[in-house]
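Q: What follows is run_20.cif; its format and atoms are mmCIF, C-alpha atoms and all ligand atoms.
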```
data_start
loop_
_atom_site.label_atom_id
_atom_site.label_comp_id
_atom_site.auth_asym_id
_atom_site.auth_seq_id
_atom_site.Cartn_x
_atom_site.Cartn_y
_atom_site.Cartn_z
CA MET K 7 -51.49 74.31 196.68
CA ARG K 8 -53.28 77.62 197.23
CA ILE K 9 -55.46 77.24 200.31
CA LEU K 10 -57.96 79.58 201.95
CA ILE K 11 -58.12 79.50 205.74
CA THR K 12 -61.13 81.08 207.39
CA GLY K 13 -60.51 82.21 210.98
CA GLY K 14 -56.78 82.10 210.29
CA ALA K 15 -55.88 84.72 212.90
CA GLY K 16 -57.36 82.63 215.71
CA TYR K 17 -55.70 80.13 218.00
CA ILE K 18 -55.99 77.03 215.81
CA GLY K 19 -55.84 79.11 212.62
CA THR K 20 -52.37 80.58 213.23
CA HIS K 21 -50.95 77.16 214.15
CA THR K 22 -52.58 75.50 211.14
CA ALA K 23 -51.34 78.32 208.91
CA ILE K 24 -47.70 77.88 209.93
CA ASN K 25 -47.93 74.15 209.30
CA LEU K 26 -49.46 74.68 205.85
CA LEU K 27 -46.86 77.30 204.95
CA GLU K 28 -44.06 74.99 206.09
CA ASN K 29 -45.48 72.36 203.76
CA GLY K 30 -45.12 74.68 200.79
CA ASN K 31 -48.69 75.98 200.47
CA ASP K 32 -49.62 79.60 199.72
CA LEU K 33 -52.49 80.91 201.80
CA GLU K 34 -55.34 83.36 201.67
CA ILE K 35 -56.37 84.06 205.25
CA ILE K 36 -59.77 85.47 206.15
CA ASP K 37 -60.55 86.86 209.58
CA SER K 38 -62.88 89.52 210.95
CA PHE K 39 -60.86 89.72 214.20
CA ILE K 40 -64.01 89.33 216.24
CA ASN K 41 -62.08 86.98 218.50
CA SER K 42 -58.44 87.55 217.58
CA TYR K 43 -55.85 90.27 217.13
CA PRO K 44 -54.14 91.64 214.01
CA ALA K 45 -50.88 91.18 215.95
CA ALA K 46 -51.36 87.41 215.59
CA ILE K 47 -50.95 87.82 211.83
CA LYS K 48 -47.82 89.95 212.29
CA ARG K 49 -46.38 87.23 214.49
CA LEU K 50 -47.28 84.58 211.95
CA ASN K 51 -45.33 86.54 209.34
CA TYR K 52 -42.39 86.98 211.73
CA LEU K 53 -42.37 83.26 212.51
CA LYS K 54 -42.53 82.42 208.80
CA ASN K 55 -39.45 84.60 208.23
CA ILE K 56 -37.55 83.11 211.17
CA LEU K 57 -38.27 79.62 209.87
CA LYS K 58 -37.14 80.77 206.40
CA ILE K 59 -40.38 79.66 204.79
CA ASP K 60 -40.77 80.84 201.19
CA SER K 61 -44.53 80.26 200.88
CA LYS K 62 -46.65 83.38 201.08
CA PHE K 63 -49.92 84.45 202.61
CA ASN K 64 -52.38 87.32 202.21
CA ILE K 65 -54.73 88.47 204.94
CA HIS K 66 -58.30 89.58 204.17
CA ASN K 67 -60.06 91.43 206.95
CA GLY K 68 -63.77 90.67 206.65
CA ASP K 69 -66.74 88.61 207.67
CA LEU K 70 -67.83 85.29 206.17
CA ARG K 71 -71.41 86.47 206.24
CA ASN K 72 -70.49 89.08 203.62
CA GLN K 73 -70.89 87.22 200.33
CA LYS K 74 -69.46 90.03 198.16
CA PHE K 75 -66.30 90.06 200.25
CA LEU K 76 -65.89 86.31 199.79
CA GLU K 77 -66.60 86.43 196.07
CA LYS K 78 -63.89 89.02 195.51
CA ILE K 79 -61.26 86.78 197.12
CA PHE K 80 -62.24 83.80 194.97
CA SER K 81 -62.61 85.83 191.79
CA ASP K 82 -59.23 87.59 192.28
CA SER K 83 -57.54 84.25 192.84
CA LYS K 84 -59.15 82.86 189.70
CA LYS K 85 -58.01 85.87 187.65
CA SER K 86 -54.46 85.38 188.88
CA ASN K 87 -54.42 81.94 187.26
CA ASN K 88 -53.63 80.40 190.62
CA PRO K 89 -57.12 79.72 191.98
CA ILE K 90 -57.88 78.68 195.53
CA GLU K 91 -57.98 74.89 195.45
CA ALA K 92 -59.14 74.12 198.96
CA VAL K 93 -60.59 75.70 202.10
CA ILE K 94 -59.79 75.02 205.72
CA HIS K 95 -62.85 76.39 207.48
CA LEU K 96 -62.15 77.36 211.08
CA ALA K 97 -63.99 80.69 211.46
CA GLY K 98 -66.76 80.63 213.99
CA LEU K 99 -67.74 81.58 217.50
CA LYS K 100 -66.82 78.95 220.07
CA SER K 101 -67.94 79.80 223.59
CA VAL K 102 -70.52 77.34 224.92
CA GLY K 103 -71.65 79.82 227.61
CA ASP K 104 -72.08 82.71 225.17
CA SER K 105 -73.97 80.45 222.80
CA ILE K 106 -76.53 79.78 225.54
CA ARG K 107 -76.87 83.53 226.17
CA PHE K 108 -76.86 84.59 222.49
CA PRO K 109 -78.10 81.61 220.45
CA GLU K 110 -79.25 83.69 217.45
CA LYS K 111 -75.78 85.24 217.18
CA TYR K 112 -74.19 81.77 217.13
CA TRP K 113 -76.58 80.47 214.45
CA ASP K 114 -75.96 83.57 212.38
CA PHE K 115 -72.16 83.57 212.58
CA ASN K 116 -71.57 79.85 212.43
CA VAL K 117 -74.33 78.52 210.20
CA ASN K 118 -75.08 81.50 207.94
CA GLY K 119 -71.35 82.24 207.59
CA SER K 120 -70.73 78.63 206.56
CA ILE K 121 -73.62 78.52 204.07
CA ASN K 122 -72.27 81.68 202.42
CA LEU K 123 -68.85 80.13 202.16
CA PHE K 124 -70.18 76.89 200.63
CA LYS K 125 -72.25 78.84 198.09
CA VAL K 126 -69.26 80.87 196.96
CA MET K 127 -67.06 77.77 196.84
CA GLU K 128 -69.62 76.08 194.59
CA LYS K 129 -69.83 79.15 192.35
CA TYR K 130 -66.05 79.22 191.90
CA GLU K 131 -65.81 75.42 191.60
CA CYS K 132 -63.61 75.08 194.65
CA ARG K 133 -65.06 71.91 196.18
CA ASN K 134 -62.41 70.74 198.64
CA ILE K 135 -62.92 71.56 202.29
CA VAL K 136 -61.73 70.62 205.77
CA PHE K 137 -64.19 71.77 208.42
CA SER K 138 -63.47 72.18 212.13
CA SER K 139 -66.18 70.48 214.10
CA SER K 140 -66.09 69.57 217.74
CA ALA K 141 -66.43 66.71 220.20
CA THR K 142 -69.18 68.84 221.82
CA ILE K 143 -71.62 67.40 219.31
CA TYR K 144 -71.50 63.92 220.87
CA LYS K 145 -73.96 62.57 223.41
CA TYR K 146 -72.27 61.55 226.64
CA GLN K 147 -71.76 57.78 226.42
CA GLY K 148 -70.99 56.93 230.02
CA LYS K 149 -68.04 56.40 232.27
CA GLU K 150 -64.79 55.65 230.45
CA VAL K 151 -66.43 54.99 227.10
CA LEU K 152 -64.33 56.31 224.20
CA LEU K 153 -66.27 58.29 221.59
CA ASP K 154 -65.88 57.06 218.04
CA GLU K 155 -67.15 58.68 214.86
CA ASN K 156 -70.36 56.64 214.99
CA SER K 157 -71.25 57.69 218.54
CA VAL K 158 -74.64 59.34 218.91
CA ILE K 159 -74.74 63.01 217.99
CA GLU K 160 -76.84 65.00 220.43
CA PRO K 161 -75.38 68.39 221.29
CA THR K 162 -76.67 69.99 224.49
CA ASN K 163 -75.94 73.65 223.73
CA PRO K 164 -76.41 76.04 220.77
CA TYR K 165 -72.66 76.06 219.97
CA GLY K 166 -72.65 72.28 219.54
CA GLN K 167 -75.92 72.45 217.63
CA THR K 168 -74.46 74.88 215.10
CA LYS K 169 -71.50 72.53 214.55
CA ALA K 170 -73.83 69.53 214.08
CA GLU K 171 -75.94 71.59 211.65
CA ILE K 172 -72.96 72.57 209.52
CA GLU K 173 -71.93 68.90 209.44
CA LYS K 174 -75.43 68.04 208.17
CA ILE K 175 -75.23 70.67 205.44
CA LEU K 176 -71.87 69.30 204.31
CA GLN K 177 -73.23 65.78 204.33
CA ASP K 178 -76.16 66.92 202.16
CA ILE K 179 -73.77 68.62 199.74
CA ASN K 180 -71.86 65.35 199.57
CA LYS K 181 -74.95 63.15 199.30
CA GLU K 182 -76.07 64.55 195.99
CA ASN K 183 -72.54 64.01 194.75
CA VAL K 184 -73.40 65.88 191.58
CA ASN K 185 -70.50 68.25 191.72
CA LYS K 186 -67.99 65.94 193.37
CA TRP K 187 -67.09 67.64 196.59
CA ARG K 188 -64.27 66.38 198.78
CA ILE K 189 -65.18 67.06 202.40
CA SER K 190 -63.38 66.30 205.63
CA ILE K 191 -65.05 66.96 208.96
CA LEU K 192 -62.57 66.98 211.82
CA ARG K 193 -64.07 66.66 215.29
CA TYR K 194 -61.53 68.23 217.62
CA PHE K 195 -61.22 67.23 221.21
CA ASN K 196 -59.31 69.70 223.46
CA PRO K 197 -56.46 71.54 221.73
CA ILE K 198 -53.97 73.15 224.11
CA GLY K 199 -50.33 74.29 224.11
CA ALA K 200 -48.63 76.57 221.62
CA HIS K 201 -46.01 76.61 218.89
CA SER K 202 -42.64 75.79 220.46
CA SER K 203 -41.23 79.18 219.36
CA GLY K 204 -43.53 80.93 221.84
CA LEU K 205 -44.39 83.43 219.09
CA ILE K 206 -47.98 82.30 218.55
CA GLY K 207 -50.40 80.88 221.11
CA GLU K 208 -53.88 81.15 222.59
CA ASP K 209 -54.98 84.63 223.66
CA PRO K 210 -58.70 84.51 224.47
CA PHE K 211 -60.80 87.66 224.73
CA GLY K 212 -62.03 88.25 228.30
CA GLU K 213 -62.40 85.45 230.81
CA PRO K 214 -61.17 82.13 229.43
CA ASN K 215 -63.87 79.47 229.09
CA ASN K 216 -61.47 76.57 228.80
CA LEU K 217 -59.25 75.02 231.43
CA PHE K 218 -55.81 75.47 229.89
CA PRO K 219 -55.98 79.24 229.25
CA ALA K 220 -57.37 79.57 232.78
CA ILE K 221 -54.37 77.64 234.20
CA ILE K 222 -52.04 79.87 232.20
CA LYS K 223 -53.67 83.00 233.63
CA VAL K 224 -53.14 81.75 237.17
CA SER K 225 -49.56 80.62 236.44
CA SER K 226 -48.72 84.14 235.27
CA ASN K 227 -50.46 85.78 238.25
CA GLN K 228 -53.19 87.36 236.13
CA THR K 229 -55.84 85.50 238.08
CA ARG K 230 -55.50 84.62 241.75
CA GLU K 231 -56.78 81.08 241.66
CA LEU K 232 -58.19 78.46 239.36
CA LYS K 233 -61.82 77.49 239.77
CA ILE K 234 -62.34 73.78 239.23
CA PHE K 235 -65.93 72.97 238.30
CA GLY K 236 -66.93 69.82 240.15
CA TYR K 237 -65.02 67.58 242.56
CA ASP K 238 -67.50 64.71 242.69
CA TRP K 239 -67.61 63.44 239.12
CA PRO K 240 -67.44 59.65 238.75
CA THR K 241 -63.78 59.81 237.66
CA ILE K 242 -60.45 58.74 239.11
CA ASP K 243 -60.06 61.87 241.28
CA GLY K 244 -63.53 63.42 241.07
CA THR K 245 -62.57 66.02 238.45
CA ALA K 246 -63.65 65.97 234.82
CA VAL K 247 -61.57 64.01 232.31
CA ARG K 248 -60.81 65.34 228.81
CA ASP K 249 -58.68 64.43 225.82
CA TYR K 250 -56.04 67.15 225.43
CA ILE K 251 -54.20 67.39 222.14
CA HIS K 252 -51.23 69.61 221.28
CA VAL K 253 -52.38 72.33 218.89
CA MET K 254 -49.48 71.53 216.50
CA ASP K 255 -50.56 67.88 216.28
CA LEU K 256 -54.06 69.12 215.50
CA ALA K 257 -52.67 71.58 212.93
CA LYS K 258 -50.86 68.78 211.13
CA ALA K 259 -54.04 66.70 210.91
CA HIS K 260 -55.66 69.39 208.72
CA TYR K 261 -53.03 69.15 206.03
CA LEU K 262 -52.99 65.37 206.12
CA ALA K 263 -56.78 65.31 205.83
CA LEU K 264 -56.59 67.57 202.81
CA LEU K 265 -53.93 65.42 201.14
CA LYS K 266 -55.99 62.31 201.81
CA LEU K 267 -59.11 63.92 200.27
CA MET K 268 -57.19 64.72 197.11
CA GLU K 269 -56.62 61.00 196.51
CA PHE K 270 -60.35 60.60 195.75
CA GLU K 271 -62.63 61.91 193.07
CA SER K 272 -65.23 62.64 195.72
CA LYS K 273 -65.18 61.89 199.43
CA LEU K 274 -66.69 62.50 202.85
CA LEU K 275 -64.18 61.83 205.61
CA ILE K 276 -65.27 62.29 209.22
CA LEU K 277 -62.53 61.93 211.83
CA ASN K 278 -62.03 62.43 215.54
CA ILE K 279 -58.87 64.37 216.26
CA GLY K 280 -57.74 63.57 219.77
CA THR K 281 -55.08 61.47 221.46
CA GLY K 282 -57.32 58.77 222.94
CA ILE K 283 -55.85 59.55 226.37
CA GLY K 284 -57.93 60.93 229.21
CA THR K 285 -56.46 63.49 231.60
CA SER K 286 -58.31 64.83 234.63
CA VAL K 287 -58.33 68.49 235.63
CA LEU K 288 -56.14 67.71 238.62
CA ASP K 289 -53.72 65.68 236.47
CA LEU K 290 -53.33 68.61 234.12
CA VAL K 291 -52.87 71.13 236.94
CA ASN K 292 -50.31 68.93 238.70
CA THR K 293 -48.35 68.24 235.51
CA PHE K 294 -48.29 71.94 234.68
CA LYS K 295 -47.06 72.78 238.19
CA SER K 296 -44.35 70.17 238.38
CA ILE K 297 -42.93 70.49 234.87
CA ASN K 298 -42.89 74.30 234.93
CA LYS K 299 -42.03 74.61 238.61
CA CYS K 300 -44.78 77.11 239.31
CA ASP K 301 -47.74 77.40 241.61
CA ILE K 302 -51.40 77.02 240.58
CA PRO K 303 -53.64 77.76 243.54
CA TYR K 304 -57.12 76.34 242.98
CA SER K 305 -60.47 75.90 244.65
CA PHE K 306 -63.42 73.68 243.87
CA THR K 307 -66.78 75.03 242.85
CA GLU K 308 -70.09 73.65 241.59
CA ARG K 309 -70.28 71.62 238.39
CA ARG K 310 -71.10 73.66 235.30
CA LYS K 311 -74.48 72.97 233.74
CA GLY K 312 -74.14 70.76 230.67
CA ASP K 313 -70.63 69.47 231.53
CA PHE K 314 -69.80 65.76 231.36
CA PRO K 315 -67.35 63.74 233.43
CA TYR K 316 -65.53 61.98 230.61
CA VAL K 317 -64.98 63.06 226.98
CA VAL K 318 -62.18 61.13 225.29
CA ALA K 319 -61.70 60.20 221.62
CA ASP K 320 -61.40 56.89 219.98
CA ASN K 321 -58.86 58.24 217.47
CA LYS K 322 -58.00 54.98 215.68
CA MET K 323 -59.67 55.98 212.45
CA ALA K 324 -57.63 59.21 212.10
CA GLU K 325 -54.42 57.40 212.98
CA LYS K 326 -55.07 54.76 210.34
CA ILE K 327 -56.53 56.81 207.52
CA LEU K 328 -54.20 59.82 207.85
CA ASN K 329 -51.17 57.80 208.94
CA TRP K 330 -50.97 60.38 211.73
CA LYS K 331 -50.05 60.06 215.36
CA PRO K 332 -50.20 62.82 217.94
CA ARG K 333 -46.54 63.24 218.91
CA ASN K 334 -46.71 65.57 221.91
CA THR K 335 -47.34 64.49 225.49
CA ILE K 336 -49.24 66.37 228.17
CA GLU K 337 -45.83 67.50 229.48
CA ASP K 338 -44.96 68.98 226.05
CA MET K 339 -48.31 70.79 225.97
CA CYS K 340 -47.62 72.28 229.43
CA ILE K 341 -44.05 73.32 228.53
CA ASP K 342 -45.14 75.03 225.30
CA GLY K 343 -48.10 76.75 226.97
CA TRP K 344 -45.82 78.09 229.72
CA ASN K 345 -43.22 79.21 227.15
CA TRP K 346 -45.93 81.18 225.31
CA ILE K 347 -47.17 82.98 228.44
CA LYS K 348 -43.68 83.65 229.80
CA LYS K 349 -42.71 85.31 226.53
CA ASN K 350 -46.10 87.08 226.20
CA PRO K 351 -47.50 87.71 229.68
CA SER K 352 -50.36 89.79 228.26
CA GLY K 353 -50.81 87.75 225.11
CA TYR K 354 -50.34 89.44 221.75
CA PRO K 355 -49.43 93.16 221.73
CA LYS K 356 -52.76 95.01 221.74
N1 LIG S 1 -60.30 75.69 220.67
C1 LIG S 1 -61.06 74.64 220.92
O1 LIG S 1 -61.04 74.09 222.03
C2 LIG S 1 -61.94 74.05 219.84
C3 LIG S 1 -62.48 72.77 220.01
C4 LIG S 1 -63.30 72.25 219.02
C5 LIG S 1 -63.59 72.99 217.88
N2 LIG S 1 -63.08 74.24 217.74
C6 LIG S 1 -63.42 75.02 216.54
O2 LIG S 1 -62.24 75.35 215.83
C7 LIG S 1 -62.37 76.61 215.20
C8 LIG S 1 -61.19 77.49 215.59
O3 LIG S 1 -61.17 77.60 217.01
P1 LIG S 1 -60.13 78.52 217.77
O4 LIG S 1 -59.93 77.94 219.10
O5 LIG S 1 -58.97 78.82 216.91
O6 LIG S 1 -61.04 79.82 217.93
P2 LIG S 1 -60.64 81.35 217.74
O7 LIG S 1 -61.76 82.16 218.24
O8 LIG S 1 -59.29 81.61 218.30
O9 LIG S 1 -60.54 81.45 216.15
C9 LIG S 1 -61.67 81.62 215.34
C10 LIG S 1 -61.38 82.80 214.43
O10 LIG S 1 -62.50 83.00 213.56
C11 LIG S 1 -62.73 84.41 213.45
N3 LIG S 1 -64.13 84.57 213.07
C12 LIG S 1 -65.23 84.22 213.79
N4 LIG S 1 -66.35 84.46 213.10
C13 LIG S 1 -65.96 84.98 211.90
C14 LIG S 1 -66.65 85.40 210.74
N5 LIG S 1 -68.00 85.36 210.65
N6 LIG S 1 -65.94 85.87 209.69
C15 LIG S 1 -64.58 85.91 209.74
N7 LIG S 1 -63.88 85.50 210.82
C16 LIG S 1 -64.56 85.05 211.88
C17 LIG S 1 -62.36 84.96 214.81
O11 LIG S 1 -62.01 86.34 214.77
C18 LIG S 1 -61.16 84.10 215.18
O12 LIG S 1 -59.94 84.67 214.76
C19 LIG S 1 -63.72 77.16 215.63
O13 LIG S 1 -64.65 76.92 214.61
C20 LIG S 1 -64.06 76.35 216.87
O14 LIG S 1 -65.44 76.21 217.04
C21 LIG S 1 -62.25 74.78 218.69
#
```
Could you write out this structure as structure tokens?
Ligand SMILES: NC(=O)c1ccc[n+]([C@@H]2O[C@H](COP(=O)([O-])OP(=O)(O)OC[C@H]3O[C@@H](n4cnc5c(N)ncnc54)[C@H](O)[C@@H]3O)[C@@H](O)[C@H]2O)c1
A:
Amino acid sequence: MRILITGGAGYIGTHTAINLLENGNDLEIIDSFINSYPAAIKRLNYLKNILKIDSKFNIHNGDLRNQKFLEKIFSDSKKSNNPIEAVIHLAGLKSVGDSIRFPEKYWDFNVNGSINLFKVMEKYECRNIVFSSSATIYKYQGKEVLLDENSVIEPTNPYGQTKAEIEKILQDINKENVNKWRISILRYFNPIGAHSSGLIGEDPFGEPNNLFPAIIKVSSNQTRELKIFGYDWPTIDGTAVRDYIHVMDLAKAHYLALLKLMEFESKLLILNIGTGIGTSVLDLVNTFKSINKCDIPYSFTERRKGDFPYVVADNKMAEKILNWKPRNTIEDMCIDGWNWIKKNPSGYPK
């Protein structure tokens, strides 16, 4: 299949791309590099060659909000008699904190960019899409309650609101069902880790907002100590509990979701992609330390506004419908994350 990946140079994009290539798909990758590096694409190509993968990809440097740019990619692929059949839509801005500071930027990039993409897809009759949503859209349900796909949606920050809005647009596109779209919305929990080769991984711009990249920075002596937000949450050890999933397990779910969609004439498939296992901040830090035999100095600080104590997926629906099971343990995630940073102490070559 010829698949377009938006945001394909990013953390999840590169890992999803290698999985799709390994499964024999040719790719068109779009990225504006607003939050990623061209070197990630070079590495992707290098990894593809090492793994002796024959499938090919092209990279298109541009912004989703530029409709002409998008149209050219679809029209060129149509002319080549090998049109783009499906889109994996990952491009977007993802920092909760930045979204509170710059809400209009988040609405513009995430929502306007997505609308543009859907319009061009409709024009070129490419109506198969997997969209990366987030567990951030859910309302906190209480202590140790797993979130399923029917849990209340009530995002508390502009980032989450843009994801919920894009979901609504996709649901509207599906509701009319005139043009027979196949749509999968994947609600990711917390992807961490890296490809086991250590050639691709997460390389955030500036200060990391998420726990795992922050641990990695401390483990490689780039930051002196880890700040843990909150020590008095109503959890097993007072630190916040999340559902960490290996990025390669998440990557695989995209392709399986796409294959599942293709079994139907028209479909809307909404799935949580997590492991169903809760891990506290201290659990993750201690596992990382012991398995990688390194030190992670940390200190406690105030809770972050808008954080919740417990965000864990009920992932039964994805397991059943996709016949998918996350394979990697927290230990595997820590080993692969450490391998990535040891091989690339400053991330991708800049
Ligand atoms: N990483 C997570 O913890 C997480 C959790 C839930 C959902 N998500 C979602 O998954 C998607 C991928 O996340 P990621 O962690 O790989 O982020 P990332 O920032 O590494 O990747 C996103 C990519 O999209 C590109 N991009 C952004 N806006 C663009 C635009 N308008 N046009 C073209 N390219 C653009 C960026 O340059 C970047 O390469 C995002 O939509 C994010 O919201 C991520």
Q: Give the answer as one residue: which of K:Trp239, K:Phe137, K:Phe63, K:Phe39 has the shortest atom-to-atom distance to Ile24 of chain K, using only C-alpha atoms?
A: K:Phe63
Q: Could you jot down the atom CA of Gly312 of chain K to atom CA of Leu96 of chain K separation for me, Å, one decimal place?
A: 23.9 Å
Q: Pick out the residues sitting within 9 Å of Ala141 of chain K, and hand them over as a count of residues only; count all atoms listed in the file, and ignore anything fewer than 5 positions along from it in its own chain.
A: 11
Q: Would you compute the distance between atom CA of Lys100 of chain K and atom CA of Asp289 of chain K? Give it in Å to one decimal.
A: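 Computing the Euclidean distance for atom CA of Lys100 of chain K and atom CA of Asp289 of chain K yields 24.8 Å.
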Q: Kindly indicate which residue among K:Leu176, K:Leu256, K:Ile135, K:Met127 lies nearest to ligand LIG 1 (chain S), using all atoms listed in the file for the distances.
A: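 Looking only at the distances to ligand LIG 1 (chain S), the closest residue turns out to be K:Leu256.
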Q: Can you tell me which residues sit at most 7 Å away from ligand LIG 1 (chain S), counting all atoms listed in the file, written as an MDAnalysis selection string?
A: chainID K and resid 12:19 36:42 68:71 96:100 115:116 119 138:141 193:197 208 210
Q: For the atom pair atom CA of Lys62 of chain K and atom CA of Met268 of chain K, what is the interatomic distance in Å to one decimal place?
A: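 Atom CA of Lys62 of chain K sits 21.8 Å away from atom CA of Met268 of chain K.
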Q: Take every atom of segment 271-284 of chain K listed in the file, fit an axis-aligned box around them, add 6 Å per side, and give the centre and edge lengths in Å to one decimal as JSON.
A:
```
{"center_x": -60.9, "center_y": 61.6, "center_z": 211.1, "size_x": 23.6, "size_y": 17.6, "size_z": 48.1}
```
Q: Could you check which of K:Lys169, K:Leu50, K:Val151, K:Ala263 is closest to Ser105 of chain K, using all atoms listed in the file?
A: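 Of the candidates, the smallest distance to Ser105 of chain K is held by K:Lys169.
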Q: Hey, which bits of segment 202-312 of chain K sit within 6 Å of segment 340-352 of chain K, and for each residue what's the closest pair of atoms and how far apart in Å (one decimal), counting all atoms listed in the file, rows by chain and increasing number, as JSON lines?
A:
```
{"residue": "K:Ser202", "atom": "CA", "partner": "K:Asp342", "partner_atom": "CA", "distance": 5.5}
{"residue": "K:Gly204", "atom": "CA", "partner": "K:Trp346", "partner_atom": "CA", "distance": 4.2}
{"residue": "K:Phe294", "atom": "CA", "partner": "K:Cys340", "partner_atom": "CA", "distance": 5.3}
```
Q: Go through K:Ser120, K:Ser272, K:Thr241, K:Asn29 and flag the residue nearest Glu182 of chain K, using only C-alpha atoms for the distances.
A: K:Ser272
Q: Excluding Asp154 of chain K and residues on its chain fewer than 5 positions from it, collect all residues at most 9 Å away from it, counting all atoms listed in the file, and give them as a ChimeraX atom specification.
A: /K:277-278,319-323
Q: Quick one: everything within 6 Å of segment 225-232 of chain K, counting all atoms listed in the file, minus sequence neighbours fewer than 6 positions away in the same chain. Send it as a count of residues only.
A: 3
Q: Which residue, K:Ile206, K:Val102, K:Met254, K:Ala246, has the smallest gap to Asn51 of chain K when you use all atoms listed in the file?
A: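 Nearest candidate to Asn51 of chain K out of K:Ile206, K:Val102, K:Met254, K:Ala246: K:Ile206.
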Q: Measuring between only C-alpha atoms, which one of K:Ile11, K:Ile242, K:Ile172, K:Cys300 shows the shortest distance to Trp113 of chain K?
A: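 Among K:Ile11, K:Ile242, K:Ile172, K:Cys300, it is K:Ile172 that comes nearest to Trp113 of chain K.
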Q: Skip Pro240 of chain K itself and residues of its chain fewer than 4 positions away, then list as a JSON list (two decimals) with C-alpha atoms, keeping the file's coordinate frame all residues within 10 Å of it, counting all atoms listed in the file.
A:
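That gives us part00.json:
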```json
[["chain", "number", "residue", "atom", "x", "y", "z"],
["K", 148, "GLY", "CA", -70.99, 56.93, 230.02],
["K", 149, "LYS", "CA", -68.04, 56.40, 232.27],
["K", 150, "GLU", "CA", -64.79, 55.65, 230.45],
["K", 244, "GLY", "CA", -63.53, 63.42, 241.07],
["K", 245, "THR", "CA", -62.57, 66.02, 238.45],
["K", 246, "ALA", "CA", -63.65, 65.97, 234.82],
["K", 247, "VAL", "CA", -61.57, 64.01, 232.31],
["K", 314, "PHE", "CA", -69.80, 65.76, 231.36],
["K", 315, "PRO", "CA", -67.35, 63.74, 233.43],
["K", 316, "TYR", "CA", -65.53, 61.98, 230.61]]
```
